[in-house]
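Below is one structure; the comments refer to it alone.
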Amino acid sequence: MAIFKREDNKYYNMSQQFIDGMLINCPFCGTKDPHWLVAHQLRFLTNESLFSCEKCSAIIRINDADISGEACNKYTARGFFKLMERKKLKVIYVKIDDIGNVCKKYDLINTEIDIKILYDIVNNNKTI
Ligand SMILES: [Zn+2]
């Protein structure tokens with residue numbers, strides 16, 4: 001089980017800054033203060049960041065190379081695998097691990113979507 005915590009005070013907090021800036025509200029429960037918690041996992045030889053909304057406990061997962069932008073380059077390992085999986089290099093893919101305890105769209109669990117979809121939902125003050 002991943003251990004979630006805020007990474008406000010760490011020198012290396014790319015993931016925390018990314019999620020706080022990208023999803024200012026929670027797309028699952030709609031809170032304006034998701035206070036995203038972060039965890040890290042090694043998965044299929046790449047690092048992933050997991051983000052959990054503190055209010056509803058929804059969990060999403062993003063490859064660190066997508067967050068850093070490194071995966072936009074087809075010459076990186078993640079870029080190569082994205083192409084092999086017929087994914088778009090410039091898209092940041094979000095895997096939905098858990099929809100939390102407010103959202104009822106159970107069919108979203110274990111799906112993968114473009115973060116732009118979540119970004120647009122959040123910026124229109126809607127939920128998924
Ligand atoms: Zn939430």
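Residue names in the structure tokens use chain letters A, B, ... in the order shown, residue numbers from 1 in each chain, and ligand numbers from 1 in the order shown.
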Exercise. Compile the contact shell of Cys56 of chain A as a VMD selection string: residues with an atom at most 7 Å away, counting only C-alpha atoms, same-chain residues fewer than 3 positions apart removed.
Key: chain A and resid 29 53 100 to 102
Exercise. Among the residues of segment 38-76 of chain A, find those DSSP assigns to helix (DSSP H, G or I) from the backbone and print them as a ChimeraX atom specification.
Key: /A:64-68,70-72
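Comparing A:Lys32, A:Lys105, A:Lys126, A:Arg43 by their smallest distance to ligand 1, the closest is A:Lys32 (using only C-alpha atoms and all ligand atoms).
When only C-alpha atoms and all ligand atoms are used to compute distances to ligand 1, the closest of the residues A:Lys88, A:His35, A:Lys74, A:Lys5 turns out to be A:His35.
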Exercise. To one decimal in Å, tell me the separation between atom CA of Leu108 of chain A and atom CA of Ile92 of chain A.
Key: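 Pair atom CA of Leu108 of chain A / atom CA of Ile92 of chain A returns 17.1 Å.
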Surrounding residues as a PDB file with N, CA and C atoms, in the first residue's frame, ligand 1, max 8 Å, only C-alpha atoms and all ligand atoms:
ATOM      1  N   ASN A  25      -9.259  21.815  -8.324  1.00  0.00           N
ATOM      2  CA  ASN A  25     -10.391  21.183  -7.625  1.00  0.00           C
ATOM      3  C   ASN A  25     -10.268  19.684  -7.840  1.00  0.00           C
ATOM      4  N   CYS A  26     -11.012  18.920  -7.087  1.00  0.00           N
ATOM      5  CA  CYS A  26     -11.027  17.473  -7.317  1.00  0.00           C
ATOM      6  C   CYS A  26     -12.094  17.145  -8.358  1.00  0.00           C
ATOM      7  N   PRO A  27     -11.719  16.471  -9.455  1.00  0.00           N
ATOM      8  CA  PRO A  27     -12.714  16.153 -10.481  1.00  0.00           C
ATOM      9  C   PRO A  27     -13.700  15.071 -10.050  1.00  0.00           C
ATOM     10  N   PHE A  28     -13.447  14.414  -8.937  1.00  0.00           N
ATOM     11  CA  PHE A  28     -14.322  13.331  -8.487  1.00  0.00           C
ATOM     12  C   PHE A  28     -15.360  13.810  -7.473  1.00  0.00           C
ATOM     13  N   CYS A  29     -14.956  14.625  -6.508  1.00  0.00           N
ATOM     14  CA  CYS A  29     -15.907  15.081  -5.486  1.00  0.00           C
ATOM     15  C   CYS A  29     -16.217  16.572  -5.603  1.00  0.00           C
ATOM     16  N   GLY A  30     -15.409  17.310  -6.354  1.00  0.00           N
ATOM     17  CA  GLY A  30     -15.683  18.720  -6.588  1.00  0.00           C
ATOM     18  C   GLY A  30     -15.146  19.670  -5.537  1.00  0.00           C
ATOM     19  N   THR A  31     -14.464  19.153  -4.510  1.00  0.00           N
ATOM     20  CA  THR A  31     -13.938  20.067  -3.491  1.00  0.00           C
ATOM     21  C   THR A  31     -12.973  21.073  -4.110  1.00  0.00           C
ATOM     22  N   PRO A  34      -8.688  20.075  -2.679  1.00  0.00           N
ATOM     23  CA  PRO A  34      -8.386  18.628  -2.623  1.00  0.00           C
ATOM     24  C   PRO A  34      -7.155  18.323  -1.776  1.00  0.00           C
ATOM     25  N   SER A  52      -3.831  11.433  -4.269  1.00  0.00           N
ATOM     26  CA  SER A  52      -5.089  11.131  -3.596  1.00  0.00           C
ATOM     27  C   SER A  52      -5.728  12.418  -3.081  1.00  0.00           C
ATOM     28  N   CYS A  53      -7.009  12.590  -3.378  1.00  0.00           N
ATOM     29  CA  CYS A  53      -7.764  13.731  -2.848  1.00  0.00           C
ATOM     30  C   CYS A  53      -7.984  13.496  -1.363  1.00  0.00           C
ATOM     31  N   GLU A  54      -7.634  14.486  -0.556  1.00  0.00           N
ATOM     32  CA  GLU A  54      -7.754  14.317   0.891  1.00  0.00           C
ATOM     33  C   GLU A  54      -9.216  14.241   1.338  1.00  0.00           C
ATOM     34  N   LYS A  55     -10.126  14.801   0.529  1.00  0.00           N
ATOM     35  CA  LYS A  55     -11.535  14.835   0.934  1.00  0.00           C
ATOM     36  C   LYS A  55     -12.271  13.532   0.598  1.00  0.00           C
ATOM     37  N   CYS A  56     -12.088  13.025  -0.624  1.00  0.00           N
ATOM     38  CA  CYS A  56     -12.893  11.854  -1.036  1.00  0.00           C
ATOM     39  C   CYS A  56     -12.052  10.590  -1.223  1.00  0.00           C
ATOM     40  N   SER A  57     -10.729  10.702  -1.125  1.00  0.00           N
ATOM     41  CA  SER A  57      -9.821   9.553  -1.240  1.00  0.00           C
ATOM     42  C   SER A  57      -9.734   8.952  -2.647  1.00  0.00           C
ATOM     43  N   ALA A  58     -10.189   9.675  -3.660  1.00  0.00           N
ATOM     44  CA  ALA A  58      -9.959   9.226  -5.042  1.00  0.00           C
ATOM     45  C   ALA A  58      -8.452   9.155  -5.293  1.00  0.00           C
ATOM     46  N   GLY A 100     -12.909   7.235  -5.297  1.00  0.00           N
ATOM     47  CA  GLY A 100     -13.185   7.858  -4.001  1.00  0.00           C
ATOM     48  C   GLY A 100     -14.573   7.520  -3.488  1.00  0.00           C
ATOM     49  N   VAL A 102     -17.268   9.623  -3.099  1.00  0.00           N
ATOM     50  CA  VAL A 102     -18.373  10.514  -3.488  1.00  0.00           C
ATOM     51  C   VAL A 102     -18.854  10.169  -4.897  1.00  0.00           C
TER      52      VAL A 102
END
Practice problem: Using only C-alpha atoms, pick whichever of A:Gly21, A:Asn13, A:Ala2, A:Asp98 has the shortest atom-to-atom distance to Leu42 of chain A. | Solution: A:Ala2
Quiz item: Taking the backbone alone, and naming residues the way the document does, which bits of chain A are strand (DSSP E) by DSSP, as an NGL selection string?
Solution: :A and (37-43 or 46-52 or 59-63 or 93-98 or 112-114)
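The closest residue to Ile117 of chain A, picked from A:Leu83, A:Leu37, A:Val94, A:Ile59 and counting only C-alpha atoms, is A:Val94.
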Which residues are close to Gln41 of chain A, i.e. within 10 Å by only C-alpha atoms, leaving aside same-chain residues fewer than 2 positions away? Reply as a short mmCIF file (atom, residue, chain, number, x, y, z; two decimals) with C-alpha atoms, in the first residue's frame.
data_model
loop_
_atom_site.label_atom_id
_atom_site.label_comp_id
_atom_site.auth_asym_id
_atom_site.auth_seq_id
_atom_site.Cartn_x
_atom_site.Cartn_y
_atom_site.Cartn_z
CA MET A 1 0.00 0.00 0.00
CA ALA A 2 1.36 3.37 -0.99
CA ILE A 3 1.94 5.94 1.72
CA ALA A 39 2.90 8.74 -3.15
CA ARG A 43 5.93 0.14 -11.85
CA PHE A 44 7.11 -1.63 -14.99
CA LEU A 45 10.57 -0.09 -14.56
CA THR A 46 9.28 3.46 -14.54
CA ASN A 47 8.37 5.71 -11.65
CA GLU A 48 4.80 6.74 -11.17
CA SER A 49 3.29 9.35 -8.89
CA LEU A 50 -0.01 8.61 -7.21
CA ARG A 61 -1.69 7.72 -11.13
CA ASN A 63 3.99 8.36 -15.00
CA ASP A 64 6.75 10.68 -13.76
#
